[in-house]
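The structure under discussion appears below in the form of structure tokens.
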Amino acid sequence: MKRNSTTKFVFVAVALATMIFPIVAAGQARGGGTAGNATPPTSPVTGSAAAGKQMYFAYTCYGCHGFNGETGRAFVGNWSSNLASEENFIRFLRGRANVAPATPSTSMPNFAENTMSDKQAKDIYAYIRTFKSHAPELKDIPALNEIVKSASRPYKP
């Protein structure tokens with residue numbers, strides 16, 4: 001009976017480690033890795049954040065990026081060059097808007113000017129720029145650190 005519970009513990013520890021190590025790696029990249037910039041952009045903003053909030057919800061941006069840009073396909077803490085300025089953001093939104101893709105995509109949709117005006121895009125950008133990171137540093141999550149520490153020890157039956 002003791003061996004069975006030990007085996008279950010090891011299995012759970014390995015499963016958790018398999019799930020956690022990619023999260024830890026992503027969190028380390030978030031702090032300044034090559035995936036993006038941890039510092040929010042500082043370029044000028046001309047849109048209305050209040051109107052942008054309404055557009056963010058109307059265009060269901062939250063469906064992928066969460067309600068604060070930190071979940072799903074997060075960008076807070078990993079600011080890409082697409083969010084460096086209003087111009088970059090609009091260029092990114094327009095990307096392939098007038099070209100039908102050869103195969104369906106799960107990437108972010110592109111918005112032609114007749115589906116989202118530049119003013120609306122600038123408003124969404126202004127709202128996005130109000131987002132702040134609320135995630136604790138990985139080193140400040142005791143349960144996570146204990147799981148990683150336990151999972152990294154060699155197994156001894």
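FYI, nothing fancy with the structure tokens labels: chains A, B, ... in order, residues from 1 per chain, ligands from 1 as they appear.
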
Per residue of range 59-95 of chain A within 7 Å of range 37-46 of chain A, what are the shortest atom pair and its distance in Å to one decimal, counting only C-alpha atoms, with rows by chain and residue number, as a tab-separated table?
residue	atom	partner	partner_atom	distance
A:Gly77	CA	A:Ala38	CA	4.5
A:Asn78	CA	A:Ala38	CA	5.0
A:Trp79	CA	A:Asn37	CA	4.8
A:Ser80	CA	A:Asn37	CA	6.2
A:Ala84	CA	A:Pro41	CA	5.2
A:Ser85	CA	A:Ser43	CA	5.5
A:Glu86	CA	A:Val45	CA	6.9

Would you output that residue set with N, CA, C and O atoms, as an mmCIF file, in the first residue's frame?
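That gives us selection23.cif:
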data_model
loop_
_atom_site.group_PDB
_atom_site.id
_atom_site.type_symbol
_atom_site.label_atom_id
_atom_site.label_comp_id
_atom_site.auth_asym_id
_atom_site.auth_seq_id
_atom_site.Cartn_x
_atom_site.Cartn_y
_atom_site.Cartn_z
ATOM 1 N N GLY A 77 3.493 42.621 -19.777
ATOM 2 C CA GLY A 77 4.722 41.998 -19.300
ATOM 3 C C GLY A 77 5.542 41.404 -20.430
ATOM 4 O O GLY A 77 6.638 40.923 -20.230
ATOM 5 N N ASN A 78 4.990 41.432 -21.621
ATOM 6 C CA ASN A 78 5.666 40.905 -22.797
ATOM 7 C C ASN A 78 5.244 41.766 -23.992
ATOM 8 O O ASN A 78 4.678 41.282 -24.961
ATOM 9 N N TRP A 79 5.490 43.054 -23.882
ATOM 10 C CA TRP A 79 5.033 44.024 -24.876
ATOM 11 C C TRP A 79 5.799 43.846 -26.176
ATOM 12 O O TRP A 79 7.009 44.005 -26.221
ATOM 13 N N SER A 80 5.110 43.530 -27.238
ATOM 14 C CA SER A 80 5.757 43.322 -28.536
ATOM 15 C C SER A 80 5.890 44.645 -29.278
ATOM 16 O O SER A 80 5.298 45.656 -28.900
ATOM 17 N N ALA A 84 4.171 48.967 -29.676
ATOM 18 C CA ALA A 84 5.107 50.046 -29.338
ATOM 19 C C ALA A 84 4.536 51.429 -29.613
ATOM 20 O O ALA A 84 4.901 52.395 -28.952
ATOM 21 N N SER A 85 3.625 51.525 -30.583
ATOM 22 C CA SER A 85 3.030 52.820 -30.916
ATOM 23 C C SER A 85 1.663 52.593 -31.554
ATOM 24 O O SER A 85 1.342 51.477 -31.978
ATOM 25 N N GLU A 86 0.877 53.657 -31.621
ATOM 26 C CA GLU A 86 -0.430 53.562 -32.285
ATOM 27 C C GLU A 86 -0.272 53.112 -33.733
ATOM 28 O O GLU A 86 -1.032 52.278 -34.213
#

Residue neighbourhood Lys132 in chain A, 10 Å, only C-alpha atoms, exclusion window fewer than 2 positions, as a PyMOL selection string: chain A and resi 40+68-70+76-77+128-130+134-135

Export C-alpha atoms of the chosen residues as a compact mmCIF listing (two decimals), in the first residue's frame?
# COMPACT_ATOMS: atom_id res chain seq x y z
CA PRO A 40 5.27 48.97 -21.30
CA ASN A 68 -6.36 42.82 -18.42
CA GLY A 69 -4.00 41.57 -21.14
CA GLU A 70 -2.35 39.09 -18.74
CA VAL A 76 1.20 42.67 -20.52
CA GLY A 77 4.72 42.00 -19.30
CA ILE A 128 -4.58 48.56 -23.69
CA ARG A 129 -1.96 51.06 -22.58
CA THR A 130 -3.76 51.40 -19.21
CA HIS A 134 -0.59 42.23 -11.46
CA ALA A 135 1.24 38.92 -11.58

Residue nearest Arg73 in chain A - candidates A:Met108, A:Ala126, A:Leu93, A:Ala51, atoms counted: only C-alpha atoms: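 So, comparing all the options, the nearest one is A:Met108.
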
Selection near Ala97 in chain A, 10 Å with only C-alpha atoms, sequence-local residues under 3 positions removed, as a list in words: Phe92, Leu93, Arg94, Ala100, Pro101, Pro109, Asn110, Phe111, Ala112, Glu113 and Thr115 of chain A

Let's have the selection written as a compact mmCIF listing (two decimals), in the first residue's frame, with N, CA and C atoms.
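Below is the file out_32.txt, written as the result:
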# COMPACT_ATOMS: atom_id res chain seq x y z
N PHE A 92 -0.48 46.48 -37.52
CA PHE A 92 -0.67 45.07 -37.14
C PHE A 92 -2.12 44.65 -37.34
N LEU A 93 -3.06 45.49 -36.92
CA LEU A 93 -4.48 45.16 -37.07
C LEU A 93 -4.88 45.03 -38.54
N ARG A 94 -4.30 45.85 -39.38
CA ARG A 94 -4.66 45.84 -40.80
C ARG A 94 -3.96 44.71 -41.55
N ALA A 100 -7.47 37.11 -48.43
CA ALA A 100 -8.06 35.88 -47.88
C ALA A 100 -6.95 34.88 -47.61
N PRO A 101 -6.89 34.32 -46.39
CA PRO A 101 -5.82 33.35 -46.10
C PRO A 101 -6.03 32.05 -46.87
N PRO A 109 -7.34 37.86 -35.54
CA PRO A 109 -7.93 38.35 -36.79
C PRO A 109 -7.35 39.71 -37.15
N ASN A 110 -7.41 40.01 -38.41
CA ASN A 110 -6.99 41.32 -38.89
C ASN A 110 -8.24 42.11 -39.23
N PHE A 111 -8.20 43.40 -39.00
CA PHE A 111 -9.38 44.23 -39.18
C PHE A 111 -9.16 45.24 -40.29
N ALA A 112 -9.95 45.11 -41.34
CA ALA A 112 -9.92 46.10 -42.42
C ALA A 112 -10.50 47.41 -41.88
N GLU A 113 -10.19 48.49 -42.54
CA GLU A 113 -10.66 49.81 -42.09
C GLU A 113 -12.19 49.89 -42.08
N THR A 115 -14.14 47.60 -41.04
CA THR A 115 -14.67 46.88 -39.88
C THR A 115 -14.23 47.50 -38.55

10 Å contact set for Gly63 in chain A, only C-alpha atoms, chain neighbours under 6 positions out, as a list in words: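 Contacts, in chain order: Tyr56, Phe57, Thr71, Gly72 and Arg73 of chain A.
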
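In this model, the gap between CA of Gln120 in chain A and CA of Ser107 in chain A comes to 20.7 Å.
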
Filtered DSSP result for range 46-142 of chain A, state helix (DSSP H, G or I), as JSON, numbers by chain: {"A": [49, 50, 51, 52, 53, 54, 55, 56, 57, 58, 62, 63, 64, 65, 81, 82, 83, 86, 87, 88, 89, 90, 91, 92, 93, 94, 118, 119, 120, 121, 122, 123, 124, 125, 126, 127, 128, 138, 139, 140, 142]}

Best match for closeness to Met55 in chain A among A:Ile90, A:Met116, A:Ala74, A:Ala143, counting only C-alpha atoms: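 Among A:Ile90, A:Met116, A:Ala74, A:Ala143, it is A:Met116 that comes nearest to Met55 in chain A.
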